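Structure below is data_6.cif: mmCIF, C-alpha atoms.
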data_query
loop_
_atom_site.group_PDB
_atom_site.id
_atom_site.type_symbol
_atom_site.label_atom_id
_atom_site.label_comp_id
_atom_site.auth_asym_id
_atom_site.auth_seq_id
_atom_site.Cartn_x
_atom_site.Cartn_y
_atom_site.Cartn_z
ATOM 1 C CA MET A 22 -2.820 3.097 -31.993
ATOM 2 C CA GLU A 23 -5.132 5.560 -30.298
ATOM 3 C CA VAL A 24 -3.301 8.655 -28.999
ATOM 4 C CA LYS A 25 -4.508 10.696 -26.020
ATOM 5 C CA GLU A 26 -2.730 13.926 -25.072
ATOM 6 C CA TYR A 27 -2.664 15.392 -21.564
ATOM 7 C CA ASP A 28 -0.803 18.057 -19.621
ATOM 8 C CA VAL A 29 -0.015 15.622 -16.778
ATOM 9 C CA ILE A 30 -0.239 11.856 -16.442
ATOM 10 C CA VAL A 31 -0.528 10.500 -12.893
ATOM 11 C CA LEU A 32 0.518 6.876 -12.530
ATOM 12 C CA GLY A 33 -1.298 5.427 -9.526
ATOM 13 C CA GLY A 34 -4.738 6.023 -8.040
ATOM 14 C CA GLY A 35 -4.085 5.863 -4.303
ATOM 15 C CA PRO A 36 -4.391 8.893 -1.981
ATOM 16 C CA ALA A 37 -1.290 10.540 -3.496
ATOM 17 C CA GLY A 38 -2.423 10.064 -7.083
ATOM 18 C CA LEU A 39 -6.028 11.092 -6.432
ATOM 19 C CA THR A 40 -4.927 14.209 -4.550
ATOM 20 C CA ALA A 41 -2.637 15.133 -7.443
ATOM 21 C CA GLY A 42 -5.567 14.627 -9.809
ATOM 22 C CA ILE A 43 -7.788 16.886 -7.694
ATOM 23 C CA TYR A 44 -5.248 19.719 -7.624
ATOM 24 C CA LEU A 45 -4.328 19.406 -11.300
ATOM 25 C CA ALA A 46 -7.903 19.298 -12.587
ATOM 26 C CA ARG A 47 -9.053 22.104 -10.304
ATOM 27 C CA ALA A 48 -6.251 24.238 -11.761
ATOM 28 C CA LYS A 49 -7.702 23.455 -15.225
ATOM 29 C CA ALA A 50 -4.804 21.256 -16.280
ATOM 30 C CA LYS A 51 -5.801 18.315 -18.458
ATOM 31 C CA ALA A 52 -4.927 15.354 -16.242
ATOM 32 C CA VAL A 53 -5.467 11.607 -16.194
ATOM 33 C CA VAL A 54 -4.933 9.101 -13.383
ATOM 34 C CA LEU A 55 -3.931 5.619 -14.595
ATOM 35 C CA ASP A 56 -3.975 2.663 -12.205
ATOM 36 C CA SER A 57 -3.227 -1.005 -12.791
ATOM 37 C CA GLY A 58 -5.637 -2.087 -10.047
ATOM 38 C CA THR A 59 -8.546 -0.711 -8.062
ATOM 39 C CA ILE A 60 -8.669 3.036 -7.472
ATOM 40 C CA GLY A 61 -7.767 3.832 -3.861
ATOM 41 C CA GLY A 62 -4.590 1.795 -3.484
ATOM 42 C CA GLN A 63 -3.776 0.365 -0.074
ATOM 43 C CA THR A 64 -6.312 2.692 1.553
ATOM 44 C CA VAL A 65 -9.171 0.595 0.147
ATOM 45 C CA LEU A 66 -7.884 -2.323 2.232
ATOM 46 C CA THR A 67 -7.989 -0.359 5.494
ATOM 47 C CA TYR A 68 -10.913 -1.385 7.672
ATOM 48 C CA GLU A 69 -11.105 1.805 9.696
ATOM 49 C CA VAL A 70 -9.548 5.266 9.319
ATOM 50 C CA ALA A 71 -9.706 7.227 12.563
ATOM 51 C CA ASN A 72 -6.826 9.716 12.236
ATOM 52 C CA TYR A 73 -7.612 11.572 9.021
ATOM 53 C CA PRO A 74 -7.924 15.263 9.996
ATOM 54 C CA GLY A 75 -11.465 16.584 9.839
ATOM 55 C CA VAL A 76 -12.996 13.115 9.534
ATOM 56 C CA GLU A 77 -13.990 11.488 12.819
ATOM 57 C CA MET A 78 -14.301 7.925 11.514
ATOM 58 C CA THR A 79 -14.583 6.335 8.087
ATOM 59 C CA SER A 80 -13.539 3.270 6.121
ATOM 60 C CA GLY A 81 -10.637 3.242 3.704
ATOM 61 C CA TYR A 82 -13.040 2.368 0.903
ATOM 62 C CA GLN A 83 -15.317 5.327 1.655
ATOM 63 C CA LEU A 84 -12.430 7.800 1.916
ATOM 64 C CA SER A 85 -10.981 6.581 -1.394
ATOM 65 C CA SER A 86 -14.385 6.762 -3.060
ATOM 66 C CA THR A 87 -14.846 10.361 -1.901
ATOM 67 C CA MET A 88 -11.412 11.352 -3.231
ATOM 68 C CA ARG A 89 -12.129 9.651 -6.561
ATOM 69 C CA ASN A 90 -15.483 11.397 -6.983
ATOM 70 C CA GLN A 91 -13.933 14.728 -6.036
ATOM 71 C CA ALA A 92 -11.208 14.365 -8.682
ATOM 72 C CA ILE A 93 -13.772 13.421 -11.334
ATOM 73 C CA SER A 94 -15.994 16.381 -10.378
ATOM 74 C CA PHE A 95 -13.134 18.746 -11.214
ATOM 75 C CA GLY A 96 -12.618 17.108 -14.613
ATOM 76 C CA CYS A 97 -9.820 14.608 -13.970
ATOM 77 C CA ASP A 98 -9.978 11.445 -16.082
ATOM 78 C CA ILE A 99 -9.522 8.243 -14.057
ATOM 79 C CA ILE A 100 -8.857 4.881 -15.665
ATOM 80 C CA SER A 101 -8.319 1.699 -13.620
ATOM 81 C CA ASN A 102 -7.329 -1.919 -14.221
ATOM 82 C CA ILE A 103 -4.905 -1.043 -16.987
ATOM 83 C CA SER A 104 -1.597 -2.631 -17.941
ATOM 84 C CA ILE A 105 1.398 -0.474 -18.808
ATOM 85 C CA SER A 106 3.090 -1.882 -21.905
ATOM 86 C CA GLU A 107 5.766 0.786 -22.332
ATOM 87 C CA LEU A 108 6.922 3.811 -20.383
ATOM 88 C CA ASP A 109 9.181 6.550 -21.790
ATOM 89 C CA LEU A 110 9.980 9.431 -19.456
ATOM 90 C CA ASN A 111 13.168 10.796 -21.008
ATOM 91 C CA ASN A 112 11.767 12.804 -23.905
ATOM 92 C CA GLU A 113 10.282 16.282 -23.592
ATOM 93 C CA ARG A 114 6.917 14.696 -24.328
ATOM 94 C CA LYS A 115 6.479 11.787 -21.899
ATOM 95 C CA SER A 116 4.634 8.699 -23.130
ATOM 96 C CA VAL A 117 2.811 5.711 -21.638
ATOM 97 C CA ILE A 118 1.452 2.866 -23.757
ATOM 98 C CA VAL A 119 -1.510 1.198 -22.046
ATOM 99 C CA ASN A 120 -2.839 -2.283 -22.844
ATOM 100 C CA GLY A 121 -0.683 -2.318 -25.957
ATOM 101 C CA ASN A 122 -3.132 -0.176 -27.919
ATOM 102 C CA THR A 123 -3.432 3.304 -26.393
ATOM 103 C CA LEU A 124 -0.667 5.909 -26.257
ATOM 104 C CA TYR A 125 -0.918 8.565 -23.551
ATOM 105 C CA THR A 126 1.419 11.560 -23.832
ATOM 106 C CA SER A 127 2.020 14.488 -21.493
ATOM 107 C CA LYS A 128 4.391 17.293 -20.602
ATOM 108 C CA SER A 129 4.802 15.994 -17.045
ATOM 109 C CA VAL A 130 4.330 12.742 -15.136
ATOM 110 C CA ILE A 131 3.643 12.123 -11.448
ATOM 111 C CA LEU A 132 4.705 8.683 -10.208
ATOM 112 C CA ALA A 133 2.284 7.674 -7.450
ATOM 113 C CA THR A 134 2.541 3.918 -7.861
ATOM 114 C CA GLY A 135 2.330 3.182 -4.125
ATOM 115 C CA GLY A 136 3.418 -0.033 -2.443
ATOM 116 C CA GLN A 137 2.381 -3.616 -1.803
ATOM 117 C CA SER A 138 2.425 -5.896 1.195
ATOM 118 C CA ARG A 139 5.826 -7.330 2.043
ATOM 119 C CA ARG A 140 6.082 -11.120 2.060
ATOM 120 C CA LEU A 141 7.789 -13.338 4.640
ATOM 121 C CA ASN A 142 9.224 -15.465 1.803
ATOM 122 C CA VAL A 143 9.180 -18.709 3.777
ATOM 123 C CA PRO A 144 8.150 -22.198 2.591
ATOM 124 C CA GLY A 145 4.424 -22.573 1.976
ATOM 125 C CA GLU A 146 3.616 -18.840 1.820
ATOM 126 C CA ALA A 147 3.017 -18.726 -1.925
ATOM 127 C CA GLU A 148 1.182 -22.063 -1.850
ATOM 128 C CA PHE A 149 -1.319 -21.015 0.827
ATOM 129 C CA LYS A 150 -1.850 -17.403 -0.268
ATOM 130 C CA GLY A 151 -5.619 -17.060 -0.558
ATOM 131 C CA ARG A 152 -6.068 -20.446 1.131
ATOM 132 C CA GLY A 153 -5.455 -19.354 4.687
ATOM 133 C CA ILE A 154 -2.834 -16.641 4.223
ATOM 134 C CA SER A 155 -4.013 -13.077 3.691
ATOM 135 C CA TYR A 156 -2.537 -9.590 3.588
ATOM 136 C CA CYS A 157 -5.860 -7.766 3.895
ATOM 137 C CA ALA A 158 -8.095 -7.845 6.973
ATOM 138 C CA THR A 159 -10.851 -5.867 5.246
ATOM 139 C CA CYS A 160 -10.941 -8.277 2.313
ATOM 140 C CA ASP A 161 -10.793 -11.578 4.169
ATOM 141 C CA GLY A 162 -11.675 -11.007 7.829
ATOM 142 C CA ASP A 163 -15.230 -12.320 7.580
ATOM 143 C CA PHE A 164 -13.969 -15.653 6.207
ATOM 144 C CA PHE A 165 -12.604 -16.393 9.681
ATOM 145 C CA GLN A 166 -15.749 -16.041 11.748
ATOM 146 C CA ASP A 167 -15.209 -17.840 15.082
ATOM 147 C CA LYS A 168 -11.806 -19.127 13.905
ATOM 148 C CA GLU A 169 -8.346 -18.893 15.500
ATOM 149 C CA ILE A 170 -5.893 -16.801 13.512
ATOM 150 C CA VAL A 171 -2.384 -15.392 13.728
ATOM 151 C CA VAL A 172 -1.347 -11.841 12.844
ATOM 152 C CA VAL A 173 2.322 -11.413 11.937
ATOM 153 C CA GLY A 174 3.967 -8.051 12.636
ATOM 154 C CA GLY A 175 4.530 -5.460 15.324
ATOM 155 C CA GLY A 176 3.798 -2.109 13.710
ATOM 156 C CA ASN A 177 0.665 0.021 13.647
ATOM 157 C CA SER A 178 -0.950 -1.939 10.820
ATOM 158 C CA ALA A 179 -0.411 -5.297 12.539
ATOM 159 C CA LEU A 180 -1.861 -4.237 15.898
ATOM 160 C CA GLU A 181 -4.717 -2.176 14.491
ATOM 161 C CA GLU A 182 -5.750 -4.942 12.113
ATOM 162 C CA ALA A 183 -5.394 -7.557 14.886
ATOM 163 C CA ASP A 184 -7.869 -5.540 16.923
ATOM 164 C CA SER A 185 -10.283 -5.223 13.986
ATOM 165 C CA LEU A 186 -10.048 -8.964 13.268
ATOM 166 C CA THR A 187 -11.381 -9.788 16.743
ATOM 167 C CA LYS A 188 -14.775 -8.731 15.374
ATOM 168 C CA PHE A 189 -14.690 -12.015 13.450
ATOM 169 C CA ALA A 190 -12.142 -14.398 14.991
ATOM 170 C CA SER A 191 -12.580 -16.181 18.294
ATOM 171 C CA LYS A 192 -8.881 -15.702 19.062
ATOM 172 C CA VAL A 193 -6.076 -13.655 17.529
ATOM 173 C CA THR A 194 -2.407 -14.349 18.283
ATOM 174 C CA VAL A 195 0.062 -11.604 17.367
ATOM 175 C CA LEU A 196 3.437 -13.120 16.466
ATOM 176 C CA HIS A 197 6.377 -10.709 16.345
ATOM 177 C CA GLU A 198 10.106 -11.195 15.883
ATOM 178 C CA PHE A 199 11.165 -8.630 18.518
ATOM 179 C CA ASP A 200 10.483 -8.244 22.239
ATOM 180 C CA HIS A 201 8.820 -4.867 21.681
ATOM 181 C CA PHE A 202 6.412 -3.281 19.185
ATOM 182 C CA GLN A 203 7.097 -0.523 16.670
ATOM 183 C CA ALA A 204 3.527 0.785 16.845
ATOM 184 C CA PHE A 205 2.246 3.937 18.492
ATOM 185 C CA GLU A 206 1.425 3.584 22.177
ATOM 186 C CA HIS A 207 -2.343 3.904 21.713
ATOM 187 C CA ALA A 208 -2.331 0.975 19.241
ATOM 188 C CA ILE A 209 -0.267 -1.143 21.653
ATOM 189 C CA GLU A 210 -2.542 -0.372 24.608
ATOM 190 C CA LYS A 211 -5.691 -1.130 22.608
ATOM 191 C CA ALA A 212 -4.350 -4.492 21.446
ATOM 192 C CA LYS A 213 -3.108 -5.477 24.902
ATOM 193 C CA SER A 214 -6.430 -4.606 26.492
ATOM 194 C CA ASN A 215 -8.379 -6.773 24.023
ATOM 195 C CA PRO A 216 -9.187 -10.104 25.758
ATOM 196 C CA LYS A 217 -9.244 -11.934 22.415
ATOM 197 C CA ILE A 218 -5.613 -11.078 21.595
ATOM 198 C CA GLU A 219 -2.566 -13.034 22.783
ATOM 199 C CA PHE A 220 1.099 -12.455 21.957
ATOM 200 C CA ILE A 221 4.098 -14.543 20.912
ATOM 201 C CA MET A 222 7.239 -12.393 20.967
ATOM 202 C CA ASN A 223 10.837 -12.947 19.808
ATOM 203 C CA SER A 224 9.658 -15.433 17.198
ATOM 204 C CA HIS A 225 9.285 -15.759 13.458
ATOM 205 C CA ILE A 226 7.417 -18.142 11.179
ATOM 206 C CA THR A 227 9.592 -20.665 9.374
ATOM 207 C CA GLY A 228 6.903 -22.498 7.420
ATOM 208 C CA PHE A 229 3.229 -22.874 6.519
ATOM 209 C CA ASN A 230 1.640 -26.317 6.336
ATOM 210 C CA GLY A 231 -1.662 -27.903 5.360
ATOM 211 C CA ASP A 232 -3.468 -29.784 2.607
ATOM 212 C CA ASP A 233 -6.071 -27.948 0.562
ATOM 213 C CA LYS A 234 -5.855 -25.067 3.008
ATOM 214 C CA LEU A 235 -3.565 -23.822 5.773
ATOM 215 C CA THR A 236 -3.875 -25.798 9.018
ATOM 216 C CA LYS A 237 -0.709 -25.011 10.985
ATOM 217 C CA ILE A 238 2.426 -22.905 11.148
ATOM 218 C CA THR A 239 5.956 -23.656 12.269
ATOM 219 C CA TYR A 240 7.729 -20.891 14.146
ATOM 220 C CA LYS A 241 11.081 -20.462 15.842
ATOM 221 C CA ASP A 242 11.756 -18.857 19.218
ATOM 222 C CA LEU A 243 14.660 -16.525 18.454
ATOM 223 C CA VAL A 244 15.847 -16.529 22.076
ATOM 224 C CA THR A 245 15.941 -20.263 22.777
ATOM 225 C CA GLY A 246 16.279 -21.467 19.191
ATOM 226 C CA LYS A 247 13.458 -23.963 19.719
ATOM 227 C CA THR A 248 10.924 -24.669 16.977
ATOM 228 C CA PHE A 249 7.196 -25.010 17.617
ATOM 229 C CA GLU A 250 4.065 -25.912 15.675
ATOM 230 C CA LYS A 251 0.746 -24.135 16.105
ATOM 231 C CA ALA A 252 -2.638 -25.123 14.668
ATOM 232 C CA VAL A 253 -4.288 -22.149 12.936
ATOM 233 C CA ASP A 254 -7.230 -21.419 10.669
ATOM 234 C CA GLY A 255 -5.580 -18.414 9.071
ATOM 235 C CA VAL A 256 -2.622 -16.048 9.080
ATOM 236 C CA PHE A 257 -2.649 -12.323 8.292
ATOM 237 C CA ILE A 258 0.735 -10.787 7.447
ATOM 238 C CA PHE A 259 1.401 -7.098 8.115
ATOM 239 C CA ILE A 260 5.170 -6.531 8.004
ATOM 240 C CA GLY A 261 5.326 -3.404 5.906
ATOM 241 C CA TYR A 262 5.266 -2.553 2.242
ATOM 242 C CA MET A 263 7.523 -2.643 -0.796
ATOM 243 C CA ALA A 264 7.496 0.165 -3.340
ATOM 244 C CA ASN A 265 5.652 -0.637 -6.576
ATOM 245 C CA THR A 266 8.483 0.399 -8.866
ATOM 246 C CA GLU A 267 9.054 -2.703 -10.987
ATOM 247 C CA LYS A 268 8.045 -0.880 -14.189
ATOM 248 C CA LEU A 269 10.205 2.093 -13.227
ATOM 249 C CA LYS A 270 13.294 -0.139 -13.181
ATOM 250 C CA GLN A 271 13.002 -0.215 -16.967
ATOM 251 C CA THR A 272 13.378 3.581 -17.072
ATOM 252 C CA SER A 273 16.153 5.935 -16.001
ATOM 253 C CA VAL A 274 14.291 7.098 -12.870
ATOM 254 C CA LYS A 275 16.731 6.936 -9.961
ATOM 255 C CA LEU A 276 15.847 4.384 -7.276
ATOM 256 C CA ASN A 277 17.613 3.591 -4.005
ATOM 257 C CA ASP A 278 18.789 0.122 -2.939
ATOM 258 C CA ARG A 279 15.270 -0.673 -1.651
ATOM 259 C CA GLY A 280 13.699 0.152 -5.007
ATOM 260 C CA GLU A 281 12.195 3.435 -3.771
ATOM 261 C CA VAL A 282 12.107 6.595 -5.901
ATOM 262 C CA THR A 283 14.477 9.352 -4.800
ATOM 263 C CA THR A 284 13.386 12.988 -5.144
ATOM 264 C CA ASN A 285 14.456 16.512 -4.235
ATOM 265 C CA GLU A 286 12.500 18.785 -1.885
ATOM 266 C CA ASN A 287 10.089 19.606 -4.724
ATOM 267 C CA LEU A 288 9.401 15.869 -5.199
ATOM 268 C CA GLU A 289 11.063 16.011 -8.626
ATOM 269 C CA THR A 290 13.000 12.932 -9.674
ATOM 270 C CA ASN A 291 16.288 12.979 -11.540
ATOM 271 C CA ILE A 292 14.252 13.473 -14.748
ATOM 272 C CA LYS A 293 12.972 16.979 -15.452
ATOM 273 C CA GLY A 294 9.199 17.145 -15.266
ATOM 274 C CA VAL A 295 8.830 13.768 -13.574
ATOM 275 C CA TYR A 296 7.692 13.816 -9.941
ATOM 276 C CA ALA A 297 7.013 11.138 -7.321
ATOM 277 C CA ALA A 298 4.449 11.059 -4.518
ATOM 278 C CA GLY A 299 3.339 8.641 -1.829
ATOM 279 C CA ASP A 300 4.508 5.218 -0.715
ATOM 280 C CA ASN A 301 6.879 4.604 -3.630
ATOM 281 C CA ARG A 302 9.175 7.379 -2.367
ATOM 282 C CA ALA A 303 12.164 6.968 -0.086
ATOM 283 C CA VAL A 304 10.546 8.289 3.118
ATOM 284 C CA LYS A 305 10.425 7.295 6.778
ATOM 285 C CA TYR A 306 6.677 7.568 7.395
ATOM 286 C CA ARG A 307 3.884 6.213 5.203
ATOM 287 C CA GLN A 308 0.425 7.434 6.137
ATOM 288 C CA ILE A 309 -2.650 8.523 4.180
ATOM 289 C CA THR A 310 -1.944 12.089 5.264
ATOM 290 C CA THR A 311 1.687 11.999 4.084
ATOM 291 C CA ALA A 312 0.553 10.577 0.728
ATOM 292 C CA VAL A 313 -2.030 13.333 0.372
ATOM 293 C CA ALA A 314 0.631 15.939 1.196
ATOM 294 C CA ASP A 315 2.968 14.423 -1.403
ATOM 295 C CA GLY A 316 0.221 14.475 -4.023
ATOM 296 C CA THR A 317 -0.407 18.152 -3.317
ATOM 297 C CA VAL A 318 3.267 19.163 -3.534
ATOM 298 C CA ALA A 319 3.908 17.070 -6.651
ATOM 299 C CA ALA A 320 0.843 18.509 -8.405
ATOM 300 C CA LEU A 321 1.715 22.116 -7.593
ATOM 301 C CA ASN A 322 5.293 21.683 -8.797
ATOM 302 C CA SER A 323 4.094 19.865 -11.900
ATOM 303 C CA LEU A 324 1.738 22.752 -12.655
ATOM 304 C CA GLU A 325 4.578 25.211 -12.252
ATOM 305 C CA PHE A 326 6.702 23.122 -14.592
ATOM 306 C CA ILE A 327 4.153 22.838 -17.406
ATOM 307 C CA ASN A 328 3.230 26.521 -17.119
ATOM 308 C CA SER A 329 6.870 27.568 -17.418
#
Produce structure tokens that represent the structure in this file.
Amino acid sequence: MEVKEYDVIVLGGGPAGLTAGIYLARAKAKAVVLDSGTIGGQTVLTYEVANYPGVEMTSGYQLSSTMRNQAISFGCDIISNISISELDLNNERKSVIVNGNTLYTSKSVILATGGQSRRLNVPGEAEFKGRGISYCATCDGDFFQDKEIVVVGGGNSALEEADSLTKFASKVTVLHEFDHFQAFEHAIEKAKSNPKIEFIMNSHITGFNGDDKLTKITYKDLVTGKTFEKAVDGVFIFIGYMANTEKLKQTSVKLNDRGEVTTNENLETNIKGVYAAGDNRAVKYRQITTAVADGTVAALNSLEFINS
């Protein structure tokens, strides 16, 4: 088995992981970012980023690409599309076996594994995923040119993506289980002022139906208890994220009842030398800026740890 030694291993290549890589490599620590998917995490899926300080307007893909290139320019190794076979965080020398044939070891580890889109878990969702059901407007929006679609959710992501999807769809219906939105006021006002967007409140989807592809949804009015059917060409689901901590459940890293990593104020987990950053942490707000801040703090504390 090939063995590669580092000062710090960063698991996850989203904004938190890339920021950690930038700070670590710039401080001349030997660091590697390992990611099981595409570098950039959830940010890559964001159509438009308009609230990143110092950047007037950009795409999630472009912002992620800039962060990646910046980390590499400082000397950080970045490896994507890997599979973690084993993970041992308890020993003084941490170890990660990748693809069953490469052993990475380090003095410290930063867990920046991010999150994934939360599912509704109703009949037909798994069957029609990729055949009418999507969790990414950037990835799939152009497949619904001049089509009628439904966006599920009432937070910032749901309303912002509903607005962006009107560039493709002829009509967007936002379906939300409450009578009010959880989004910021500017996102609510923008969605409400868009003539292509309609709203169904106090309702939730109970089923997805179709043949080769999705053709209609069944939803329930939570006030009256009545059930309705609606013909649709597609459904985009934005109801939050779940922490990507499945692999961490096989370790002794402490997680809360939602599967999120718990840390102290220095972002250190219950294991000495192991830190967490970004959307996998137990935090209230999840933004690109909060992930970047986490990556900075985790990297600086990790540097202090390995230097001590």
For Thr123 (chain A), please output as a VMD selection string all residues within 6 Å (counting only C-alpha atoms; exclusion window: fewer than 3 positions along the same chain).
chain A and resid 22 to 24 118 to 119
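Using only C-alpha atoms, the smallest distance between any of A:Ile131, A:Thr67, A:Glu267, A:Asp200 and Leu186 (chain A) comes from A:Thr67.
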Write out as a VMD selection string which residues come within 9 Å of Asp109 (chain A) when counting all atoms listed in the file, dropping same-chain ones fewer than 4 positions away.
chain A and resid 114 to 118 272
Taking the file as shown, find all residues satisfying the PyMOL selection byres ((chain A and resi 145) around 10) and write them as a list in words.
Asn142, Val143, Pro144, Glu146, Ala147, Glu148, Phe149, Lys150, Ile154, Thr227, Gly228, Phe229, Asn230, Gly231, Leu235 and Ile238 of chain A
When you count all atoms listed in the file, which of these residues is closest to Gln308 (chain A): A:Pro216, A:Gly135, A:Gly153, A:Gly34?
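Of all the options, A:Gly135 lies closest to Gln308 (chain A).
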Nearest residue to Ser104 (chain A) out of A:Gly294, A:Gly42, A:Gly246, A:Gly33, using all atoms listed in the file?
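Closest residue, counting all atoms listed in the file: A:Gly33.
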I'd like the residues picked by the PyMOL selection byres ((chain A and resi 327) around 10) written out as a list in words, using the chain letters and numbers from the file.
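Selection result, ordered by chain and number: Asp28, Val29, Ala50, Ser127, Lys128, Ser129, Gly294, Asn322, Ser323, Leu324, Glu325, Phe326, Asn328 and Ser329 of chain A.
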Closest to Thr159 (chain A) among A:Thr126, A:Thr64, A:Ser101, A:Ser85, using all atoms listed in the file?
A:Thr64
Apply the PyMOL selection byres ((chain A and resi 84) around 12) to the displayed file and report the matching residues as an NGL selection string.
:A and (35-36 or 39-40 or 60-83 or 85-91 or 309-310 or 313)
With 5 Å of padding per side, what axis-aligned box (centre and edge lengths, Å, one decimal) covers all the listed atoms of region 319-328 of chain A? Give it as AutoDock Vina command-line options.
--center_x 3.8 --center_y 21.8 --center_z -12.0 --size_x 15.9 --size_y 19.5 --size_z 20.8
